[in-house]
>>> print(open('start27.cif').read())   # mmCIF, C-alpha atoms
data_protein
#
loop_
_atom_site.label_atom_id
_atom_site.label_comp_id
_atom_site.auth_asym_id
_atom_site.auth_seq_id
_atom_site.Cartn_x
_atom_site.Cartn_y
_atom_site.Cartn_z
CA MET A 755 -64.65 -18.03 40.76
CA ASN A 756 -68.22 -16.85 41.29
CA TYR A 757 -70.50 -19.44 39.74
CA ASN A 758 -73.84 -18.49 41.27
CA GLU A 759 -76.63 -18.53 38.70
CA GLU A 760 -76.80 -14.74 38.47
CA SER A 761 -73.07 -14.24 37.88
CA THR A 762 -71.37 -13.31 34.64
CA CYS A 763 -69.07 -16.32 34.96
CA PHE A 764 -72.03 -18.68 35.22
CA ALA A 765 -73.58 -17.19 32.06
CA GLU A 766 -70.30 -17.48 30.16
CA TYR A 767 -69.72 -21.07 31.27
CA THR A 768 -73.24 -22.28 30.53
CA ALA A 769 -73.18 -20.62 27.12
CA VAL A 770 -70.41 -23.04 26.13
CA ARG A 771 -71.36 -26.12 28.16
CA GLY A 772 -75.15 -25.70 28.09
CA GLY A 773 -75.93 -25.90 24.38
CA GLY A 774 -75.29 -22.34 23.27
CA ALA A 775 -72.05 -20.75 22.14
CA GLY A 776 -69.34 -18.59 23.64
CA LEU A 777 -67.05 -16.11 21.89
CA ILE A 778 -63.38 -16.25 22.97
CA ASP A 779 -60.89 -13.65 21.79
CA LEU A 780 -57.60 -15.37 20.87
CA SER A 781 -55.98 -12.28 19.36
CA SER A 782 -53.21 -12.31 21.96
CA ARG A 783 -51.77 -15.35 20.16
CA GLY A 784 -49.01 -14.89 17.60
CA ARG A 785 -49.61 -15.14 13.84
CA ILE A 786 -46.77 -15.41 11.32
CA ILE A 787 -46.95 -15.67 7.52
CA VAL A 788 -44.39 -17.88 5.76
CA SER A 789 -44.06 -17.96 1.98
CA GLY A 790 -41.59 -18.65 -0.81
CA SER A 791 -40.79 -21.55 -3.11
CA GLU A 792 -38.64 -23.22 -0.43
CA ALA A 793 -41.07 -22.73 2.46
CA VAL A 794 -42.08 -26.39 2.63
CA MET A 795 -38.47 -27.59 2.60
CA PHE A 796 -37.35 -25.26 5.38
CA LEU A 797 -40.41 -25.82 7.57
CA ASN A 798 -40.16 -29.57 7.17
CA GLY A 799 -36.69 -29.52 8.70
CA LEU A 800 -37.83 -27.41 11.64
CA ILE A 801 -41.16 -28.82 12.83
CA THR A 802 -42.38 -32.22 14.03
CA ASN A 803 -45.20 -32.81 11.53
CA ASP A 804 -44.85 -33.52 7.81
CA MET A 805 -45.27 -30.40 5.69
CA LYS A 806 -45.17 -32.50 2.52
CA THR A 807 -48.52 -34.06 3.45
CA LEU A 808 -50.23 -30.74 4.15
CA ALA A 809 -52.53 -30.15 1.18
CA ALA A 810 -53.77 -26.74 0.10
CA ASP A 811 -56.66 -25.46 2.22
CA SER A 812 -55.71 -27.77 5.10
CA TRP A 813 -54.08 -27.32 8.49
CA MET A 814 -52.24 -29.39 11.07
CA PRO A 815 -50.68 -29.06 14.54
CA ALA A 816 -46.91 -29.25 14.97
CA ALA A 817 -44.13 -28.27 17.35
CA PHE A 818 -40.66 -26.78 17.36
CA LEU A 819 -38.10 -28.73 19.40
CA ASN A 820 -34.51 -28.26 20.43
CA VAL A 821 -31.91 -30.94 19.73
CA GLN A 822 -32.78 -32.67 23.02
CA GLY A 823 -36.38 -33.17 21.85
CA ARG A 824 -37.72 -30.57 24.29
CA LEU A 825 -40.54 -28.20 23.42
CA LEU A 826 -39.81 -24.70 22.22
CA ALA A 827 -43.30 -23.97 20.86
CA VAL A 828 -46.55 -25.63 19.84
CA ILE A 829 -48.09 -24.30 16.64
CA ARG A 830 -50.80 -24.71 14.02
CA VAL A 831 -49.85 -24.47 10.35
CA LEU A 832 -52.54 -23.41 7.85
CA ASN A 833 -51.87 -23.94 4.14
CA ARG A 834 -53.50 -21.01 2.35
CA ASN A 835 -52.28 -22.02 -1.13
CA ASP A 836 -49.72 -19.28 -1.74
CA ARG A 837 -48.56 -18.97 1.87
CA PHE A 838 -48.64 -20.63 5.27
CA LEU A 839 -50.17 -19.07 8.38
CA ILE A 840 -48.45 -20.18 11.56
CA ASP A 841 -50.45 -19.66 14.75
CA THR A 842 -48.87 -20.03 18.19
CA GLU A 843 -49.43 -19.02 21.79
CA ARG A 844 -48.50 -15.53 22.93
CA VAL A 845 -45.58 -16.69 25.07
CA THR A 846 -43.96 -18.51 22.14
CA HIS A 847 -44.62 -15.88 19.48
CA SER A 848 -41.15 -14.31 19.66
CA THR A 849 -39.49 -17.74 19.84
CA VAL A 850 -41.20 -18.96 16.66
CA LEU A 851 -40.50 -15.70 14.85
CA GLU A 852 -36.80 -15.94 15.73
CA LEU A 853 -36.56 -19.63 14.76
CA LEU A 854 -38.07 -18.91 11.36
CA SER A 855 -36.36 -15.60 10.61
CA ARG A 856 -32.85 -17.02 10.89
CA PHE A 857 -33.42 -18.93 7.63
CA THR A 858 -34.66 -16.03 5.50
CA LEU A 859 -31.22 -15.43 3.99
CA ALA A 860 -30.68 -19.10 3.14
CA GLY A 861 -33.12 -19.30 0.20
CA ASP A 862 -36.55 -18.33 -1.07
CA PHE A 863 -38.09 -18.33 2.39
CA ARG A 864 -39.98 -15.25 3.53
CA VAL A 865 -41.29 -14.59 7.05
CA THR A 866 -43.72 -11.83 8.03
CA ASP A 867 -45.06 -11.15 11.51
CA ALA A 868 -48.83 -10.66 11.04
CA THR A 869 -49.79 -10.56 14.71
CA GLU A 870 -50.80 -6.91 14.64
CA GLU A 871 -52.60 -7.20 11.29
CA VAL A 872 -54.71 -10.32 11.98
CA ALA A 873 -57.09 -10.99 14.89
CA THR A 874 -58.40 -14.39 15.97
CA LEU A 875 -61.89 -15.02 17.35
CA SER A 876 -63.21 -18.43 18.40
CA VAL A 877 -66.82 -19.59 18.66
CA GLN A 878 -67.13 -22.53 21.08
CA GLY A 879 -70.08 -24.65 22.14
CA ARG A 880 -72.70 -27.10 20.92
CA GLY A 881 -74.49 -24.18 19.28
CA ALA A 882 -71.37 -22.83 17.53
CA ALA A 883 -72.45 -24.10 14.11
CA ASN A 884 -75.75 -22.22 14.42
CA ILE A 885 -73.92 -18.98 15.18
CA MET A 886 -71.59 -19.47 12.22
CA ARG A 887 -74.52 -20.24 9.91
CA ALA A 888 -76.33 -17.10 11.05
CA VAL A 889 -73.30 -14.94 10.21
CA PHE A 890 -71.83 -16.69 7.17
CA GLY A 891 -74.75 -18.60 5.71
CA GLU A 892 -74.27 -22.19 4.59
CA MET A 893 -70.60 -21.87 3.59
CA THR A 894 -69.44 -23.24 6.97
CA ALA A 895 -72.01 -26.05 7.12
CA ASN A 896 -69.75 -28.65 5.49
CA LEU A 897 -66.39 -27.43 6.77
CA GLU A 898 -64.42 -30.55 7.71
CA ARG A 899 -61.94 -30.79 10.55
CA GLY A 900 -58.43 -30.23 9.28
CA LYS A 901 -59.68 -28.08 6.38
CA VAL A 902 -59.31 -24.33 5.82
CA LEU A 903 -62.11 -22.13 4.48
CA THR A 904 -61.49 -18.63 3.14
CA ALA A 905 -64.36 -16.23 2.65
CA PRO A 906 -64.89 -12.52 1.93
CA PHE A 907 -65.81 -10.33 4.87
CA GLY A 908 -66.07 -6.56 4.74
CA GLU A 909 -63.18 -5.20 2.70
CA SER A 910 -60.96 -8.25 3.17
CA THR A 911 -60.89 -12.05 3.35
CA LEU A 912 -61.05 -14.15 6.51
CA THR A 913 -59.97 -17.72 7.25
CA ILE A 914 -62.02 -20.28 9.20
CA ILE A 915 -61.06 -23.66 10.68
CA CYS A 916 -62.82 -26.13 12.95
CA ALA A 917 -60.99 -26.16 16.29
CA THR A 918 -61.79 -26.76 19.94
CA HIS A 919 -60.39 -25.08 23.04
CA THR A 920 -63.13 -26.40 25.31
CA ALA A 921 -63.95 -30.00 24.23
CA GLU A 922 -67.04 -28.52 22.54
CA GLU A 923 -67.64 -27.88 18.85
CA GLY A 924 -65.75 -24.82 17.71
CA PHE A 925 -64.54 -22.56 14.92
CA ASP A 926 -61.49 -20.29 14.89
CA ILE A 927 -61.73 -17.26 12.64
CA PHE A 928 -58.67 -15.33 11.46
CA VAL A 929 -59.76 -11.88 10.34
CA ASP A 930 -58.15 -8.60 9.33
CA VAL A 931 -57.78 -6.52 12.49
CA ASN A 932 -59.72 -3.68 10.84
CA GLU A 933 -62.71 -6.00 10.39
CA ALA A 934 -62.51 -7.66 13.83
CA ARG A 935 -64.93 -5.29 15.57
CA GLN A 936 -67.56 -5.79 12.87
CA LEU A 937 -67.15 -9.58 13.07
CA ARG A 938 -67.33 -9.57 16.85
CA ARG A 939 -70.58 -7.59 16.71
CA ALA A 940 -72.04 -9.93 14.09
CA LEU A 941 -71.25 -12.99 16.21
CA THR A 942 -72.69 -11.53 19.42
CA ASP A 943 -75.77 -10.25 17.58
CA ALA A 944 -76.26 -13.86 16.41
CA GLY A 945 -76.28 -15.02 20.03
CA ALA A 946 -72.68 -15.79 21.01
CA ILE A 947 -71.84 -14.82 24.61
CA VAL A 948 -68.44 -13.22 25.19
CA VAL A 949 -66.34 -15.48 27.44
CA GLY A 950 -63.63 -13.93 29.59
CA GLU A 951 -60.17 -15.24 30.40
CA GLU A 952 -61.12 -16.75 33.78
CA VAL A 953 -63.90 -18.94 32.38
CA SER A 954 -61.84 -19.75 29.27
CA GLU A 955 -59.16 -21.15 31.54
CA THR A 956 -61.63 -23.37 33.40
CA LEU A 957 -62.99 -24.68 30.09
CA ARG A 958 -59.43 -25.35 28.85
CA VAL A 959 -58.53 -27.41 31.91
CA GLU A 960 -61.80 -29.36 31.71
CA ALA A 961 -60.89 -30.09 28.08
CA GLY A 962 -57.45 -31.36 29.14
CA ILE A 963 -55.58 -29.02 26.79
CA PRO A 964 -52.04 -28.18 27.96
CA ARG A 965 -50.84 -24.59 27.67
CA TYR A 966 -47.27 -23.54 26.97
CA GLY A 967 -45.68 -21.69 29.86
CA ILE A 968 -48.02 -23.39 32.34
CA ASP A 969 -48.28 -27.09 31.52
CA MET A 970 -45.23 -27.37 29.28
CA ASP A 971 -42.06 -25.44 28.61
CA GLU A 972 -38.51 -25.85 27.29
CA THR A 973 -37.88 -28.61 29.88
CA THR A 974 -40.77 -30.75 28.57
CA VAL A 975 -39.95 -33.63 26.24
CA LEU A 976 -42.48 -33.70 23.38
CA ASN A 977 -43.62 -37.26 24.14
CA GLU A 978 -44.66 -36.24 27.67
CA ALA A 979 -47.27 -33.68 26.59
CA ASN A 980 -50.01 -35.70 24.82
CA LEU A 981 -49.24 -34.07 21.47
CA ASP A 982 -49.11 -37.18 19.28
CA ASP A 983 -51.24 -35.53 16.58
CA ALA A 984 -48.46 -32.95 16.18
CA ILE A 985 -45.85 -35.61 15.31
CA SER A 986 -45.08 -37.47 12.10
CA PHE A 987 -43.22 -40.70 12.85
CA THR A 988 -42.54 -41.36 9.17
CA LYS A 989 -41.09 -38.09 7.84
CA GLY A 990 -37.40 -37.33 7.36
CA CYS A 991 -35.10 -35.51 9.73
CA TYR A 992 -36.13 -32.55 11.85
CA ILE A 993 -34.54 -30.96 14.87
CA GLY A 994 -35.10 -33.18 17.92
CA GLN A 995 -36.33 -36.19 15.93
CA GLU A 996 -33.74 -38.63 17.27
CA ILE A 997 -34.93 -38.22 20.86
CA VAL A 998 -38.63 -38.42 19.95
CA VAL A 999 -38.16 -41.63 17.95
CA ARG A 1000 -35.90 -43.20 20.58
CA ILE A 1001 -38.57 -42.67 23.26
CA MET A 1002 -41.25 -44.07 20.95
CA HIS A 1003 -39.25 -47.26 20.41
CA ARG A 1004 -38.51 -47.52 24.13
CA GLY A 1005 -42.25 -47.75 24.72
CA HIS A 1006 -43.03 -44.92 27.12
CA VAL A 1007 -41.74 -41.83 28.88
CA ALA A 1008 -40.81 -41.66 32.55
CA LYS A 1009 -43.71 -39.29 33.22
CA LYS A 1010 -46.64 -37.90 31.26
CA ILE A 1011 -49.33 -35.28 31.56
CA THR A 1012 -52.63 -36.63 32.83
CA GLY A 1013 -55.75 -35.59 34.72
CA LEU A 1014 -56.43 -35.57 38.46
CA VAL A 1015 -59.84 -35.35 40.10
CA PHE A 1016 -60.20 -34.52 43.81
CA ASP A 1017 -62.88 -34.97 46.41
CA GLY A 1018 -62.77 -31.31 47.44
CA GLN A 1019 -63.00 -27.85 45.93
CA THR A 1020 -59.69 -26.22 46.87
CA PRO A 1021 -57.58 -24.43 44.23
CA LEU A 1022 -54.05 -25.79 43.76
CA GLU A 1023 -50.93 -23.89 42.81
CA ASN A 1024 -48.69 -24.77 39.88
CA GLY A 1025 -45.91 -27.01 41.16
CA THR A 1026 -47.88 -28.58 44.02
CA LYS A 1027 -46.46 -32.03 44.84
CA ILE A 1028 -48.51 -35.16 44.15
CA LEU A 1029 -48.13 -38.11 46.50
CA SER A 1030 -49.07 -41.76 46.06
CA ASP A 1031 -51.29 -43.47 48.62
CA ASN A 1032 -48.09 -44.58 50.40
CA ASP A 1033 -46.74 -41.01 50.51
CA GLN A 1034 -44.15 -41.26 47.72
CA GLU A 1035 -43.77 -38.19 45.51
CA ILE A 1036 -45.00 -39.16 42.03
CA GLY A 1037 -45.54 -35.87 40.22
CA ARG A 1038 -46.51 -32.20 40.23
CA VAL A 1039 -49.60 -30.19 39.37
CA THR A 1040 -49.39 -27.74 36.46
CA SER A 1041 -52.95 -26.33 36.01
CA SER A 1042 -55.99 -26.64 38.24
CA THR A 1043 -59.51 -25.27 38.44
CA ILE A 1044 -62.79 -25.91 40.20
CA SER A 1045 -65.10 -27.41 37.61
CA LEU A 1046 -68.70 -26.24 37.66
CA ARG A 1047 -69.82 -29.37 35.79
CA LEU A 1048 -67.96 -31.81 38.03
CA GLN A 1049 -68.34 -29.81 41.27
CA ARG A 1050 -64.80 -30.55 42.40
CA THR A 1051 -61.19 -29.57 41.86
CA ILE A 1052 -59.54 -30.96 38.74
CA ALA A 1053 -55.94 -30.59 37.62
CA LEU A 1054 -53.50 -31.27 34.84
CA ALA A 1055 -50.30 -32.80 36.16
CA TYR A 1056 -47.20 -34.73 35.21
CA VAL A 1057 -47.29 -38.13 36.90
CA LYS A 1058 -44.74 -40.94 36.86
CA TYR A 1059 -45.49 -43.72 34.41
CA ASP A 1060 -46.22 -46.41 37.00
CA HIS A 1061 -49.04 -44.30 38.46
CA LEU A 1062 -50.80 -43.22 35.25
CA ALA A 1063 -53.60 -45.82 35.27
CA PRO A 1064 -57.04 -44.16 35.59
CA GLY A 1065 -58.41 -44.64 39.09
CA THR A 1066 -54.98 -44.64 40.78
CA LYS A 1067 -55.37 -43.02 44.19
CA ILE A 1068 -53.29 -39.92 44.90
CA LYS A 1069 -52.97 -37.19 47.54
CA VAL A 1070 -52.30 -33.50 47.13
CA ALA A 1071 -52.13 -31.07 50.04
CA ASP A 1072 -55.22 -31.84 52.19
CA MET A 1073 -57.20 -33.56 49.44
CA THR A 1074 -57.39 -37.08 48.13
CA GLY A 1075 -58.21 -37.92 44.55
CA VAL A 1076 -57.63 -40.19 41.58
CA VAL A 1077 -55.90 -40.14 38.22
CA ALA A 1078 -58.35 -39.63 35.35
CA GLU A 1079 -58.19 -39.82 31.56
CA LEU A 1080 -58.27 -36.61 29.57
CA PRO A 1081 -60.38 -34.80 28.66
CA PHE A 1082 -62.32 -34.57 31.90
CA ILE A 1083 -65.45 -33.63 29.96
CA ARG A 1084 -66.21 -35.15 26.57
CA GLY A 1085 -68.29 -32.40 25.07
CA SER A 1086 -69.84 -31.99 21.65
CA TRP A 1087 -66.42 -32.05 19.91
CA TYR A 1088 -66.37 -35.75 20.79
CA GLY A 1089 -70.02 -36.31 19.94
CA GLY A 1090 -71.22 -36.19 23.53
CA SER A 1091 -71.22 -34.21 26.74
CA SER A 1092 -70.51 -36.74 29.48
CA SER A 1093 -67.69 -36.76 31.98
CA ARG A 1094 -64.62 -38.95 31.46
CA VAL A 1095 -64.38 -39.38 35.22
CA GLU A 1096 -67.98 -40.33 35.96
CA LEU A 1097 -67.31 -44.03 36.52
CA ILE A 1098 -64.11 -43.43 38.45
CA CYS A 1099 -65.48 -40.80 40.80
CA GLY A 1100 -69.04 -41.97 41.19
CA LEU A 1101 -70.48 -38.73 39.91
CA PRO A 1102 -74.28 -38.60 39.89
CA PRO A 1103 -75.98 -39.55 36.61
CA ASP A 1104 -77.26 -35.99 36.04
CA VAL A 1105 -73.72 -34.59 35.82
CA ARG A 1106 -73.56 -34.59 32.05
#
>>> encode(input="start27.cif", output="structure tokens")
Amino acid sequence: MNYNEESTCFAEYTAVRGGGAGLIDLSSRGRIIVSGSEAVMFLNGLITNDMKTLAADSWMPAAFLNVQGRLLAVIRVLNRNDRFLIDTERVTHSTVLELLSRFTLAGDFRVTDATEEVATLSVQGRGAANIMRAVFGEMTANLERGKVLTAPFGESTLTIICATHTAEEGFDIFVDVNEARQLRRALTDAGAIVVGEEVSETLRVEAGIPRYGIDMDETTVLNEANLDDAISFTKGCYIGQEIVVRIMHRGHVAKKITGLVFDGQTPLENGTKILSDNDQEIGRVTSSTISLRLQRTIALAYVKYDHLAPGTKIKVADMTGVVAELPFIRGSWYGGSSSRVELICGLPPDVR
């Protein structure tokens, strides 16, 4: 990636990490509307989080599992009073739609694919709140995490939530596709810089956010993927619950996703083997990027439990490195902007 100071990538990256705001188009994701008097009952038996605790105008993460407790999809569920909006990644859109649609004949449970009718734009960065205030006024000023705000826009109504895809402050906006161009223009006129897919991916890896189809798939056990906020350990039965609870009571999984930081700047391919300092295979890389902030290669990887301690030395290809806590960068979403790996890697004090 070209990160010289005159490049487009540099401008996009620094807009998000440097105190401004970037605009990321998430419209390729899938969006499904679920409604009906029995929607909560059916959804509660299908997903890992507790629908009965999801109040109106709130949202939560969740997952669909198979009976072996392995991931079929990771989702967000927004309670919009008279219906639920389910948001998922592009690669799991058809899976979620199929899982839901099979129950439409079993009761008052209606499923509508809204992917082509609703667009999703995300404003990310320390300055995201300023951009939102410039476009929407003060209505977003007190929006709490986990809450859903609906507001008129153009000829329709849009939905806003606080969400991060970068470890920086952020807002996701669900808008009628016919109003998306107008909204995009309003956000960029307010100062948001459009961020492309390449830079978005670097920001995602720095934030330690796993992506379905890259860092997790139908072979991944839920407990391995750092998705604890998507699980209710107190709700009743759902598909895959027995395995999830059994692993919880056992204490830990055999392997888990974690961060790796290297002393070089060489890209790594998905599936690259990870070796311990005594040359034993202990895991595999899933995502990697060269971080502009950290000035080195970082990666998400599944590593065996005995080697998960931060600072554990590892080897990959021709590089040496260490295991690091996620996220790699604790940006404004966490109330700061410092690196998680600063103490481990001896990064200079000005790398913030």
>>> resolve_selection(input="start27.cif", expression="the PyMOL selection byres ((chain A and resi 786) around 9)", output="PyMOL selection string")
chain A and resi 784-785+787-788+838-842+847+850-851+865-869
>>> closest_residue(input="start27.cif", among="A:Leu957, A:Leu1062, A:Ala827, A:Ala940", to="Gly1085 of chain A", atoms="all atoms listed in the file")
A:Leu957
>>> atom_distance(input="start27.cif", atom1="atom CA of Gly799 of chain A", atom2="atom CA of Phe863 of chain A")
12.9 Å
>>> resolve_selection(input="start27.cif", expression="the PyMOL selection byres ((chain A and resi 973) around 9)", output="ChimeraX atom specification")
/A:824-826,970-972,974-975
>>> residues_around(input="start27.cif", residues="Met1002 of chain A", least_positions_apart="5", cutoff="12 Å", atoms="all atoms listed in the file", output="list in words")
Gly823, Val975, Leu976, Asn977, Glu978, Asp982, Ile985, Ser986, Phe987, Gln995, Glu996, Ile997, Val1007 and Ala1008 of chain A
>>> closest_residue(input="start27.cif", among="A:Gly908, A:Gly967, A:Pro1064, A:Gly924", to="Thr894 of chain A", atoms="only C-alpha atoms")
A:Gly924
>>> resolve_selection(input="start27.cif", expression="the PyMOL selection byres ((chain A and resi 890) around 12)", output="PDB file with C-alpha atoms, in the frame of the given file")
ATOM      1  CA  ALA A 883     -72.450 -24.100  14.110  1.00  0.00           C
ATOM      2  CA  ASN A 884     -75.750 -22.220  14.420  1.00  0.00           C
ATOM      3  CA  ILE A 885     -73.920 -18.980  15.180  1.00  0.00           C
ATOM      4  CA  MET A 886     -71.590 -19.470  12.220  1.00  0.00           C
ATOM      5  CA  ARG A 887     -74.520 -20.240   9.910  1.00  0.00           C
ATOM      6  CA  ALA A 888     -76.330 -17.100  11.050  1.00  0.00           C
ATOM      7  CA  VAL A 889     -73.300 -14.940  10.210  1.00  0.00           C
ATOM      8  CA  GLY A 891     -74.750 -18.600   5.710  1.00  0.00           C
ATOM      9  CA  GLU A 892     -74.270 -22.190   4.590  1.00  0.00           C
ATOM     10  CA  MET A 893     -70.600 -21.870   3.590  1.00  0.00           C
ATOM     11  CA  THR A 894     -69.440 -23.240   6.970  1.00  0.00           C
ATOM     12  CA  ALA A 895     -72.010 -26.050   7.120  1.00  0.00           C
ATOM     13  CA  LEU A 903     -62.110 -22.130   4.480  1.00  0.00           C
ATOM     14  CA  THR A 904     -61.490 -18.630   3.140  1.00  0.00           C
ATOM     15  CA  ALA A 905     -64.360 -16.230   2.650  1.00  0.00           C
ATOM     16  CA  PRO A 906     -64.890 -12.520   1.930  1.00  0.00           C
ATOM     17  CA  PHE A 907     -65.810 -10.330   4.870  1.00  0.00           C
ATOM     18  CA  GLY A 908     -66.070  -6.560   4.740  1.00  0.00           C
ATOM     19  CA  LEU A 912     -61.050 -14.150   6.510  1.00  0.00           C
ATOM     20  CA  THR A 913     -59.970 -17.720   7.250  1.00  0.00           C
ATOM     21  CA  ILE A 914     -62.020 -20.280   9.200  1.00  0.00           C
ATOM     22  CA  ILE A 927     -61.730 -17.260  12.640  1.00  0.00           C
ATOM     23  CA  LEU A 937     -67.150  -9.580  13.070  1.00  0.00           C
ATOM     24  CA  ALA A 940     -72.040  -9.930  14.090  1.00  0.00           C
ATOM     25  CA  LEU A 941     -71.250 -12.990  16.210  1.00  0.00           C
ATOM     26  CA  ALA A 944     -76.260 -13.860  16.410  1.00  0.00           C
TER      27      ALA A 944
END
>>> closest_residue(input="start27.cif", among="A:Val821, A:Val831, A:Ile1028, A:Ala921", to="Val794 of chain A", atoms="all atoms listed in the file")
A:Val831
>>> atom_distance(input="start27.cif", atom1="atom CA of Leu1022 of chain A", atom2="atom CA of Ile1083 of chain A")
19.5 Å
>>> atom_distance(input="start27.cif", atom1="atom CA of Ala775 of chain A", atom2="atom CA of Gly1089 of chain A")
15.8 Å
>>> residues_near_point(input="start27.cif", point="(-51.4, -34.9, 38.2)", cutoff="7 Å", atoms="only C-alpha atoms", output="NGL selection string")
:A and (1011-1014 or 1028 or 1037-1039 or 1053-1057 or 1077)
